[in-house]
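Text of the file final06.cif, holding mmCIF, C-alpha atoms:
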data_upload
#
loop_
_atom_site.group_PDB
_atom_site.id
_atom_site.type_symbol
_atom_site.label_atom_id
_atom_site.label_comp_id
_atom_site.auth_asym_id
_atom_site.auth_seq_id
_atom_site.Cartn_x
_atom_site.Cartn_y
_atom_site.Cartn_z
ATOM 1 C CA MET A 24 -6.584 -22.900 55.715
ATOM 2 C CA LYS A 25 -9.469 -21.100 57.385
ATOM 3 C CA ASN A 26 -11.617 -23.275 59.660
ATOM 4 C CA PHE A 27 -15.204 -23.943 58.651
ATOM 5 C CA MET A 28 -18.157 -26.115 59.612
ATOM 6 C CA TYR A 29 -20.439 -27.768 57.059
ATOM 7 C CA GLU A 30 -23.824 -29.105 58.132
ATOM 8 C CA ALA A 31 -26.031 -31.124 55.803
ATOM 9 C CA GLN A 32 -29.168 -33.205 55.998
ATOM 10 C CA ALA A 33 -29.752 -36.034 53.567
ATOM 11 C CA THR A 34 -32.494 -35.704 50.971
ATOM 12 C CA ARG A 35 -33.775 -38.689 49.033
ATOM 13 C CA VAL A 36 -33.638 -37.974 45.270
ATOM 14 C CA ILE A 37 -35.601 -39.908 42.659
ATOM 15 C CA PHE A 38 -34.755 -39.120 39.030
ATOM 16 C CA GLY A 39 -36.069 -40.431 35.731
ATOM 17 C CA ALA A 40 -38.712 -40.123 33.054
ATOM 18 C CA GLY A 41 -42.113 -40.878 34.534
ATOM 19 C CA VAL A 42 -40.909 -41.136 38.158
ATOM 20 C CA ARG A 43 -43.614 -38.732 39.307
ATOM 21 C CA LYS A 44 -45.666 -41.924 39.568
ATOM 22 C CA GLU A 45 -43.521 -42.828 42.585
ATOM 23 C CA VAL A 46 -44.989 -40.003 44.677
ATOM 24 C CA HIS A 47 -47.493 -42.329 46.369
ATOM 25 C CA ALA A 48 -44.692 -44.710 47.400
ATOM 26 C CA GLU A 49 -42.567 -41.802 48.682
ATOM 27 C CA LEU A 50 -45.336 -40.625 50.971
ATOM 28 C CA LYS A 51 -45.867 -44.169 52.187
ATOM 29 C CA LYS A 52 -42.167 -44.345 53.066
ATOM 30 C CA ILE A 53 -42.442 -41.409 55.451
ATOM 31 C CA GLY A 54 -45.675 -42.746 56.951
ATOM 32 C CA VAL A 55 -48.118 -39.949 56.139
ATOM 33 C CA LYS A 56 -51.790 -40.178 55.179
ATOM 34 C CA ARG A 57 -53.134 -36.670 54.482
ATOM 35 C CA ALA A 58 -51.056 -34.762 51.932
ATOM 36 C CA LEU A 59 -51.738 -31.273 50.617
ATOM 37 C CA VAL A 60 -50.722 -30.848 46.960
ATOM 38 C CA ILE A 61 -49.492 -27.283 46.435
ATOM 39 C CA SER A 62 -49.183 -25.435 43.131
ATOM 40 C CA SER A 63 -49.582 -22.048 41.511
ATOM 41 C CA PRO A 64 -52.898 -21.356 39.736
ATOM 42 C CA GLY A 65 -51.164 -21.968 36.407
ATOM 43 C CA GLN A 66 -50.044 -25.448 37.479
ATOM 44 C CA LYS A 67 -53.391 -26.574 38.871
ATOM 45 C CA GLU A 68 -53.906 -29.114 36.078
ATOM 46 C CA LEU A 69 -50.596 -30.787 36.954
ATOM 47 C CA ALA A 70 -51.505 -30.647 40.651
ATOM 48 C CA MET A 71 -54.717 -32.496 39.866
ATOM 49 C CA LYS A 72 -52.762 -35.209 38.034
ATOM 50 C CA ILE A 73 -50.450 -35.607 41.029
ATOM 51 C CA SER A 74 -53.508 -35.752 43.282
ATOM 52 C CA ARG A 75 -54.848 -38.658 41.240
ATOM 53 C CA LEU A 76 -51.505 -40.458 41.558
ATOM 54 C CA LEU A 77 -51.705 -40.022 45.340
ATOM 55 C CA GLY A 78 -55.220 -41.400 45.528
ATOM 56 C CA ASP A 79 -56.454 -41.661 49.111
ATOM 57 C CA LEU A 80 -53.266 -40.034 50.431
ATOM 58 C CA CYS A 81 -54.309 -36.652 48.975
ATOM 59 C CA ALA A 82 -56.458 -34.623 51.330
ATOM 60 C CA ASP A 83 -56.749 -31.551 49.088
ATOM 61 C CA ILE A 84 -55.202 -29.378 46.355
ATOM 62 C CA HIS A 85 -54.036 -25.870 47.230
ATOM 63 C CA ALA A 86 -53.386 -23.992 43.963
ATOM 64 C CA ASN A 87 -52.739 -20.573 45.497
ATOM 65 C CA ALA A 88 -48.936 -20.261 45.444
ATOM 66 C CA VAL A 89 -47.666 -16.940 44.106
ATOM 67 C CA GLN A 90 -44.266 -15.348 43.592
ATOM 68 C CA HIS A 91 -42.222 -14.145 46.561
ATOM 69 C CA VAL A 92 -44.344 -16.078 49.118
ATOM 70 C CA PRO A 93 -46.460 -13.265 50.662
ATOM 71 C CA MET A 94 -47.089 -13.572 54.391
ATOM 72 C CA GLU A 95 -50.864 -13.337 53.816
ATOM 73 C CA THR A 96 -50.733 -16.438 51.603
ATOM 74 C CA VAL A 97 -48.644 -18.271 54.183
ATOM 75 C CA GLU A 98 -51.063 -17.480 57.009
ATOM 76 C CA LYS A 99 -54.104 -18.618 55.015
ATOM 77 C CA SER A 100 -52.290 -21.780 53.953
ATOM 78 C CA VAL A 101 -51.306 -22.644 57.525
ATOM 79 C CA GLU A 102 -54.948 -22.174 58.572
ATOM 80 C CA LEU A 103 -56.028 -24.567 55.815
ATOM 81 C CA VAL A 104 -53.401 -27.120 56.848
ATOM 82 C CA ARG A 105 -54.652 -27.108 60.427
ATOM 83 C CA GLU A 106 -58.305 -27.141 59.406
ATOM 84 C CA LEU A 107 -57.823 -30.192 57.159
ATOM 85 C CA ASN A 108 -55.471 -31.985 59.568
ATOM 86 C CA ILE A 109 -52.769 -32.154 56.877
ATOM 87 C CA ASP A 110 -49.685 -34.218 57.754
ATOM 88 C CA SER A 111 -47.493 -33.666 54.667
ATOM 89 C CA LEU A 112 -46.900 -31.283 51.767
ATOM 90 C CA VAL A 113 -46.387 -32.045 48.066
ATOM 91 C CA PRO A 114 -45.393 -28.884 46.172
ATOM 92 C CA VAL A 115 -45.563 -29.247 42.386
ATOM 93 C CA GLY A 116 -44.004 -26.668 40.074
ATOM 94 C CA GLY A 117 -41.385 -23.961 40.445
ATOM 95 C CA GLY A 118 -40.113 -21.690 43.165
ATOM 96 C CA SER A 119 -43.512 -20.304 44.148
ATOM 97 C CA SER A 120 -44.969 -23.711 45.017
ATOM 98 C CA ILE A 121 -41.852 -24.982 46.762
ATOM 99 C CA GLY A 122 -41.382 -21.661 48.556
ATOM 100 C CA LEU A 123 -44.931 -21.776 49.923
ATOM 101 C CA ALA A 124 -44.480 -25.381 51.075
ATOM 102 C CA LYS A 125 -41.298 -24.363 52.895
ATOM 103 C CA ALA A 126 -43.051 -21.447 54.572
ATOM 104 C CA ILE A 127 -45.847 -23.761 55.739
ATOM 105 C CA ALA A 128 -43.299 -26.290 57.005
ATOM 106 C CA LEU A 129 -41.501 -23.533 58.896
ATOM 107 C CA ASN A 130 -44.712 -22.930 60.848
ATOM 108 C CA THR A 131 -45.864 -26.552 61.185
ATOM 109 C CA SER A 132 -42.779 -28.804 60.818
ATOM 110 C CA LEU A 133 -44.638 -30.892 58.222
ATOM 111 C CA PRO A 134 -42.512 -33.059 55.890
ATOM 112 C CA ILE A 135 -42.213 -32.113 52.207
ATOM 113 C CA VAL A 136 -42.010 -34.343 49.146
ATOM 114 C CA ALA A 137 -41.227 -31.955 46.290
ATOM 115 C CA ILE A 138 -41.864 -32.369 42.562
ATOM 116 C CA PRO A 139 -40.046 -29.486 40.839
ATOM 117 C CA THR A 140 -40.699 -28.564 37.216
ATOM 118 C CA THR A 141 -37.956 -25.930 36.885
ATOM 119 C CA TYR A 142 -34.209 -25.911 37.546
ATOM 120 C CA ALA A 143 -33.810 -23.339 40.318
ATOM 121 C CA GLY A 144 -32.776 -25.853 42.986
ATOM 122 C CA SER A 145 -34.655 -24.418 45.971
ATOM 123 C CA GLU A 146 -35.968 -27.913 46.725
ATOM 124 C CA MET A 147 -32.440 -29.019 47.699
ATOM 125 C CA THR A 148 -31.766 -26.315 50.265
ATOM 126 C CA PRO A 149 -32.875 -25.482 53.821
ATOM 127 C CA ILE A 150 -33.337 -21.815 52.824
ATOM 128 C CA TRP A 151 -36.781 -20.246 53.106
ATOM 129 C CA GLY A 152 -38.117 -16.826 52.126
ATOM 130 C CA ILE A 153 -41.281 -14.907 53.037
ATOM 131 C CA THR A 154 -42.351 -11.429 51.887
ATOM 132 C CA GLU A 155 -44.114 -9.138 54.351
ATOM 133 C CA ASN A 156 -44.925 -5.454 53.852
ATOM 134 C CA GLY A 157 -42.883 -5.432 50.664
ATOM 135 C CA LEU A 158 -39.754 -6.779 52.342
ATOM 136 C CA LYS A 159 -38.441 -10.304 51.795
ATOM 137 C CA LYS A 160 -37.087 -12.086 54.829
ATOM 138 C CA THR A 161 -34.979 -15.208 54.405
ATOM 139 C CA GLY A 162 -33.560 -17.761 56.792
ATOM 140 C CA LYS A 163 -32.180 -21.253 57.130
ATOM 141 C CA ASP A 164 -33.930 -24.106 58.894
ATOM 142 C CA PHE A 165 -33.547 -27.806 58.086
ATOM 143 C CA VAL A 166 -37.219 -28.380 58.880
ATOM 144 C CA VAL A 167 -38.078 -26.826 55.489
ATOM 145 C CA LYS A 168 -35.753 -29.042 53.448
ATOM 146 C CA PRO A 169 -37.769 -31.692 51.561
ATOM 147 C CA LYS A 170 -37.495 -35.314 52.690
ATOM 148 C CA SER A 171 -37.696 -36.463 49.073
ATOM 149 C CA VAL A 172 -37.336 -34.715 45.725
ATOM 150 C CA ILE A 173 -38.781 -36.271 42.590
ATOM 151 C CA TYR A 174 -37.100 -35.077 39.401
ATOM 152 C CA ASP A 175 -39.140 -36.110 36.386
ATOM 153 C CA PRO A 176 -37.668 -34.588 33.186
ATOM 154 C CA GLU A 177 -40.969 -35.176 31.401
ATOM 155 C CA LEU A 178 -42.375 -32.312 33.461
ATOM 156 C CA THR A 179 -39.820 -29.844 32.067
ATOM 157 C CA VAL A 180 -40.194 -30.432 28.312
ATOM 158 C CA LYS A 181 -43.150 -28.075 27.982
ATOM 159 C CA LEU A 182 -41.459 -25.198 29.794
ATOM 160 C CA PRO A 183 -41.320 -22.024 27.683
ATOM 161 C CA ALA A 184 -37.777 -21.343 26.425
ATOM 162 C CA ARG A 185 -37.651 -18.102 28.427
ATOM 163 C CA VAL A 186 -38.455 -19.912 31.663
ATOM 164 C CA SER A 187 -35.930 -22.670 30.902
ATOM 165 C CA VAL A 188 -33.143 -20.130 30.339
ATOM 166 C CA THR A 189 -33.818 -17.983 33.390
ATOM 167 C CA SER A 190 -34.400 -21.011 35.602
ATOM 168 C CA GLY A 191 -31.196 -22.664 34.388
ATOM 169 C CA LEU A 192 -29.145 -19.534 35.052
ATOM 170 C CA ASN A 193 -30.703 -19.295 38.502
ATOM 171 C CA ALA A 194 -29.676 -22.906 39.162
ATOM 172 C CA MET A 195 -26.069 -22.109 38.240
ATOM 173 C CA ALA A 196 -26.164 -19.048 40.487
ATOM 174 C CA HIS A 197 -27.300 -21.253 43.382
ATOM 175 C CA CYS A 198 -24.332 -23.572 42.742
ATOM 176 C CA VAL A 199 -21.814 -20.727 42.791
ATOM 177 C CA GLU A 200 -23.412 -19.193 45.866
ATOM 178 C CA GLY A 201 -23.315 -22.542 47.646
ATOM 179 C CA LEU A 202 -19.610 -22.925 46.955
ATOM 180 C CA TYR A 203 -18.882 -19.381 48.042
ATOM 181 C CA ARG A 204 -20.824 -19.682 51.275
ATOM 182 C CA LEU A 205 -19.139 -22.973 52.189
ATOM 183 C CA PHE A 206 -15.602 -22.222 51.065
ATOM 184 C CA PRO A 207 -15.101 -18.437 50.839
ATOM 185 C CA TYR A 208 -11.393 -18.672 51.620
ATOM 186 C CA LEU A 209 -10.728 -21.272 48.920
ATOM 187 C CA LEU A 210 -12.611 -19.339 46.261
ATOM 188 C CA LYS A 211 -10.864 -16.109 47.169
ATOM 189 C CA ARG A 212 -7.486 -17.841 46.979
ATOM 190 C CA GLU A 213 -8.290 -19.356 43.577
ATOM 191 C CA PHE A 214 -9.540 -16.029 42.273
ATOM 192 C CA VAL A 215 -6.314 -14.307 43.331
ATOM 193 C CA HIS A 216 -4.337 -17.096 41.639
ATOM 194 C CA PHE A 217 -6.372 -16.622 38.462
ATOM 195 C CA ILE A 218 -5.616 -12.880 38.421
ATOM 196 C CA GLN A 219 -1.918 -13.537 38.925
ATOM 197 C CA VAL A 220 -1.835 -15.995 36.026
ATOM 198 C CA TYR A 221 -3.911 -13.692 33.832
ATOM 199 C CA ARG A 222 -1.454 -10.823 34.339
ATOM 200 C CA GLN A 223 1.330 -12.915 32.850
ATOM 201 C CA PHE A 224 -0.339 -12.828 29.419
#
Whole structure given in structure tokens:
Amino acid sequence: MKNFMYEAQATRVIFGAGVRKEVHAELKKIGVKRALVISSPGQKELAMKISRLLGDLCADIHANAVQHVPMETVEKSVELVRELNIDSLVPVGGGSSIGLAKAIALNTSLPIVAIPTTYAGSEMTPIWGITENGLKKTGKDFVVKPKSVIYDPELTVKLPARVSVTSGLNAMAHCVEGLYRLFPYLLKREFVHFIQVYRQF
């Protein structure tokens, strides 16, 4: 068998209907006091609800996340974080919100408590991505992996069917990619075995 090394960092996962209400307790656990709630413009209403749940732990709402995490958005967000003396990030929504939080964390090392509303799975990985001059750059850094992830299925029931389907397929793609990256030799061996069996029929 081919040698490999697997490195992981634990993430606390909270799952259940209504568990978004635990966000205040999760921030208390990591000892922070000035959280920035991050969302896309379309999720600002939800961000405001999360802000109310956080109470005095919420320093501000930043509803400027957009697709593909443009460098300009990252730079402005980092400026805001420093200006407001933010000590933690709470992205709410899909890949745009979580991607922006990761990009901010990459530049500031701030902890993330994520509240995803789609199924893509970015919140469980140390992978980040930033787009600059039309080119997307990606990398891996455990500083961007959320400390806690709050999965509240109540936040997914209003997703449009189209978003649910594409997000679900993206989640499955992440699973396959994760297996392939960790165990390329094993997958290749099993694929060859499958072809050999298939040829017998």
Practice problem: Run through the PyMOL selection byres ((chain A and resi 43) around 12) on the given coordinates and return the selected residues as number ranges by chain. | Solution: A: 36-42, 44-50, 69-70, 72-77, 113, 115, 136-140, 171-178
Practice problem: With a distance cut-off of 12 Å and only C-alpha atoms, select the neighbouring residues of Asn156 of chain A, excluding the residue or stretch itself and same-chain residues fewer than 4 positions from it, and output the selection as number ranges by chain. | Solution: A: 91-95, 160
Mind dumping the selected residues with C-alpha atoms as a CSV table (one decimal), in the coordinates of the input?
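And here's part-v4.csv as it stands now:
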chain,number,residue,atom,x,y,z
A,91,HIS,CA,-42.2,-14.1,46.6
A,92,VAL,CA,-44.3,-16.1,49.1
A,93,PRO,CA,-46.5,-13.3,50.7
A,94,MET,CA,-47.1,-13.6,54.4
A,95,GLU,CA,-50.9,-13.3,53.8
A,160,LYS,CA,-37.1,-12.1,54.8
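The interatomic distance for the pair atom CA of Lys67 of chain A and atom CA of Ala33 of chain A works out to 29.4 Å.
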Practice problem: With a distance cut-off of 12 Å and only C-alpha atoms, select the neighbouring residues of Asn87 of chain A, excluding the residue or stretch itself and same-chain residues fewer than 5 positions from it, and output the selection as a list in words. | Solution: Leu59, Val60, Ile61, Ser62, Ser63, Pro64, Gly65, Gln66, Lys67, Ala70, Val92, Pro93, Glu95, Thr96, Val97, Lys99, Ser100, Leu103, Pro114, Val115, Gly116, Ser119, Ser120, Ile121, Gly122, Leu123 and Ala124 of chain A
Quiz prompt | Expected selection from the PyMOL selection byres ((chain A and resi 143) around 10), given as a PyMOL selection string | solution = chain A and resi 117-118+139-142+144-147+187+189-198
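For the pair atom CA of Val101 of chain A and atom CA of Gly157 of chain A, the separation is 20.4 Å.
For the pair atom CA of Asp164 of chain A and atom CA of Leu107 of chain A, the interatomic distance is 24.7 Å.
Nearest residue to Glu102 of chain A, choosing from A:Asn130, A:Thr161, A:Gln90, A:Thr179 and counting only C-alpha atoms: A:Asn130.
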I'd like the residues picked by the PyMOL selection byres ((chain A and resi 131) around 10) written out as a PDB file with C-alpha atoms, keeping the file's coordinate frame, using the chain letters and numbers from the file.
ATOM      1  CA  VAL A 101     -51.306 -22.644  57.525  1.00  0.00           C
ATOM      2  CA  VAL A 104     -53.401 -27.120  56.848  1.00  0.00           C
ATOM      3  CA  ARG A 105     -54.652 -27.108  60.427  1.00  0.00           C
ATOM      4  CA  ILE A 109     -52.769 -32.154  56.877  1.00  0.00           C
ATOM      5  CA  ASP A 110     -49.685 -34.218  57.754  1.00  0.00           C
ATOM      6  CA  SER A 111     -47.493 -33.666  54.667  1.00  0.00           C
ATOM      7  CA  LYS A 125     -41.298 -24.363  52.895  1.00  0.00           C
ATOM      8  CA  ALA A 126     -43.051 -21.447  54.572  1.00  0.00           C
ATOM      9  CA  ILE A 127     -45.847 -23.761  55.739  1.00  0.00           C
ATOM     10  CA  ALA A 128     -43.299 -26.290  57.005  1.00  0.00           C
ATOM     11  CA  LEU A 129     -41.501 -23.533  58.896  1.00  0.00           C
ATOM     12  CA  ASN A 130     -44.712 -22.930  60.848  1.00  0.00           C
ATOM     13  CA  SER A 132     -42.779 -28.804  60.818  1.00  0.00           C
ATOM     14  CA  LEU A 133     -44.638 -30.892  58.222  1.00  0.00           C
ATOM     15  CA  PRO A 134     -42.512 -33.059  55.890  1.00  0.00           C
ATOM     16  CA  VAL A 166     -37.219 -28.380  58.880  1.00  0.00           C
ATOM     17  CA  VAL A 167     -38.078 -26.826  55.489  1.00  0.00           C
TER      18      VAL A 167
END
What are the centre and the three edge lengths of an axis-aligned box that wraps all atoms of segment 107-110 of chain A in the file, given that 8 Å is added to every side, written as lines of an AutoDock Vina configuration file and rounded to one decimal in Å?
center_x = -53.8
center_y = -32.2
center_z = 58.2
size_x = 24.1
size_y = 20.0
size_z = 18.7
Practice problem: Pull the neighbourhood of (-36.1, -23.2, 53.1) for me: all residues within 6 Å in file coordinates, counting only C-alpha atoms, as number ranges by chain. | Solution: A: 125, 149-151, 163, 167-168
Quiz item: From the list A:His85, A:Phe165, A:Asp79, A:Thr154, which residue is nearest Lys51 of chain A when using only C-alpha atoms?
Solution: A:Asp79
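When all atoms listed in the file are used to measure the gap to Ile84 of chain A, the shortest distance among A:Lys52, A:Arg57, A:Lys181, A:Lys159 belongs to A:Arg57.
Distances from A:Ile135, A:Val186, A:Met71, A:Val199 to Thr34 of chain A were compared using all atoms listed in the file, and the smallest one belongs to A:Ile135.
Distance check against Leu112 of chain A using all atoms listed in the file: of A:Ala58, A:Ala82, A:Leu158, A:Ala88, the minimum falls on A:Ala58.
If you measure from each of A:Glu68, A:Lys170, A:Val89, A:Gly152 to Gly54 of chain A using all atoms listed in the file, the closest one turns out to be A:Lys170.
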Mind filling out segment 96-107 of chain A with all heavy atoms and sending it as an mmCIF file, in the frame of the given file?
data_model
loop_
_atom_site.group_PDB
_atom_site.id
_atom_site.type_symbol
_atom_site.label_atom_id
_atom_site.label_comp_id
_atom_site.auth_asym_id
_atom_site.auth_seq_id
_atom_site.Cartn_x
_atom_site.Cartn_y
_atom_site.Cartn_z
ATOM 1 N N THR A 96 -50.508 -15.113 52.191
ATOM 2 C CA THR A 96 -50.733 -16.438 51.603
ATOM 3 C C THR A 96 -50.279 -17.531 52.557
ATOM 4 O O THR A 96 -50.946 -18.568 52.691
ATOM 5 C CB THR A 96 -49.962 -16.569 50.269
ATOM 6 O OG1 THR A 96 -50.371 -15.520 49.391
ATOM 7 C CG2 THR A 96 -50.232 -17.912 49.602
ATOM 8 N N VAL A 97 -49.161 -17.297 53.220
ATOM 9 C CA VAL A 97 -48.644 -18.271 54.183
ATOM 10 C C VAL A 97 -49.641 -18.477 55.320
ATOM 11 O O VAL A 97 -49.966 -19.607 55.689
ATOM 12 C CB VAL A 97 -47.285 -17.824 54.751
ATOM 13 C CG1 VAL A 97 -46.806 -18.788 55.832
ATOM 14 C CG2 VAL A 97 -46.246 -17.714 53.647
ATOM 15 N N GLU A 98 -50.141 -17.391 55.875
ATOM 16 C CA GLU A 98 -51.063 -17.480 57.009
ATOM 17 C C GLU A 98 -52.342 -18.231 56.641
ATOM 18 O O GLU A 98 -52.815 -19.081 57.397
ATOM 19 C CB GLU A 98 -51.387 -16.069 57.517
ATOM 20 C CG GLU A 98 -50.198 -15.392 58.199
ATOM 21 C CD GLU A 98 -50.464 -13.941 58.546
ATOM 22 O OE1 GLU A 98 -51.429 -13.361 57.987
ATOM 23 O OE2 GLU A 98 -49.703 -13.381 59.366
ATOM 24 N N LYS A 99 -52.887 -17.924 55.458
ATOM 25 C CA LYS A 99 -54.104 -18.618 55.015
ATOM 26 C C LYS A 99 -53.832 -20.095 54.762
ATOM 27 O O LYS A 99 -54.662 -20.963 55.053
ATOM 28 C CB LYS A 99 -54.638 -17.956 53.742
ATOM 29 C CG LYS A 99 -55.240 -16.578 53.983
ATOM 30 C CD LYS A 99 -55.705 -15.956 52.671
ATOM 31 C CE LYS A 99 -56.253 -14.552 52.903
ATOM 32 N NZ LYS A 99 -56.650 -13.901 51.628
ATOM 33 N N SER A 100 -52.653 -20.385 54.235
ATOM 34 C CA SER A 100 -52.290 -21.780 53.953
ATOM 35 C C SER A 100 -52.114 -22.578 55.235
ATOM 36 O O SER A 100 -52.539 -23.736 55.321
ATOM 37 C CB SER A 100 -51.003 -21.821 53.128
ATOM 38 O OG SER A 100 -51.159 -21.135 51.906
ATOM 39 N N VAL A 101 -51.493 -21.972 56.240
ATOM 40 C CA VAL A 101 -51.306 -22.644 57.525
ATOM 41 C C VAL A 101 -52.662 -22.919 58.174
ATOM 42 O O VAL A 101 -52.886 -23.989 58.753
ATOM 43 C CB VAL A 101 -50.398 -21.809 58.458
ATOM 44 C CG1 VAL A 101 -50.406 -22.376 59.879
ATOM 45 C CG2 VAL A 101 -48.974 -21.765 57.912
ATOM 46 N N GLU A 102 -53.591 -21.970 58.048
ATOM 47 C CA GLU A 102 -54.948 -22.174 58.572
ATOM 48 C C GLU A 102 -55.609 -23.376 57.896
ATOM 49 O O GLU A 102 -56.241 -24.212 58.555
ATOM 50 C CB GLU A 102 -55.800 -20.919 58.328
ATOM 51 C CG GLU A 102 -55.488 -19.762 59.262
ATOM 52 C CD GLU A 102 -56.342 -18.544 58.951
ATOM 53 O OE1 GLU A 102 -57.356 -18.694 58.235
ATOM 54 O OE2 GLU A 102 -55.990 -17.447 59.406
ATOM 55 N N LEU A 103 -55.451 -23.454 56.567
ATOM 56 C CA LEU A 103 -56.028 -24.567 55.815
ATOM 57 C C LEU A 103 -55.424 -25.902 56.240
ATOM 58 O O LEU A 103 -56.137 -26.897 56.430
ATOM 59 C CB LEU A 103 -55.797 -24.356 54.318
ATOM 60 C CG LEU A 103 -56.304 -25.460 53.382
ATOM 61 C CD1 LEU A 103 -57.835 -25.520 53.418
ATOM 62 C CD2 LEU A 103 -55.807 -25.241 51.957
ATOM 63 N N VAL A 104 -54.111 -25.903 56.423
ATOM 64 C CA VAL A 104 -53.401 -27.120 56.848
ATOM 65 C C VAL A 104 -53.946 -27.628 58.186
ATOM 66 O O VAL A 104 -54.187 -28.831 58.362
ATOM 67 C CB VAL A 104 -51.884 -26.832 56.942
ATOM 68 C CG1 VAL A 104 -51.185 -27.857 57.809
ATOM 69 C CG2 VAL A 104 -51.271 -26.812 55.546
ATOM 70 N N ARG A 105 -54.155 -26.717 59.101
ATOM 71 C CA ARG A 105 -54.652 -27.108 60.427
ATOM 72 C C ARG A 105 -56.120 -27.531 60.366
ATOM 73 O O ARG A 105 -56.535 -28.479 61.032
ATOM 74 C CB ARG A 105 -54.434 -25.962 61.406
ATOM 75 C CG ARG A 105 -52.943 -25.794 61.723
ATOM 76 C CD ARG A 105 -52.636 -24.596 62.578
ATOM 77 N NE ARG A 105 -51.206 -24.588 62.919
ATOM 78 C CZ ARG A 105 -50.519 -23.501 63.205
ATOM 79 N NH1 ARG A 105 -51.108 -22.319 63.235
ATOM 80 N NH2 ARG A 105 -49.222 -23.580 63.498
ATOM 81 N N GLU A 106 -56.883 -26.832 59.543
ATOM 82 C CA GLU A 106 -58.305 -27.141 59.406
ATOM 83 C C GLU A 106 -58.519 -28.539 58.816
ATOM 84 O O GLU A 106 -59.428 -29.272 59.237
ATOM 85 C CB GLU A 106 -58.953 -26.087 58.498
ATOM 86 C CG GLU A 106 -60.427 -26.297 58.227
ATOM 87 C CD GLU A 106 -60.967 -25.271 57.239
ATOM 88 O OE1 GLU A 106 -60.540 -24.096 57.294
ATOM 89 O OE2 GLU A 106 -61.806 -25.648 56.402
ATOM 90 N N LEU A 107 -57.675 -28.906 57.838
ATOM 91 C CA LEU A 107 -57.823 -30.192 57.159
ATOM 92 C C LEU A 107 -57.008 -31.315 57.796
ATOM 93 O O LEU A 107 -57.005 -32.435 57.304
ATOM 94 C CB LEU A 107 -57.421 -30.054 55.680
ATOM 95 C CG LEU A 107 -58.266 -29.111 54.832
ATOM 96 C CD1 LEU A 107 -57.714 -29.031 53.418
ATOM 97 C CD2 LEU A 107 -59.725 -29.569 54.803
#
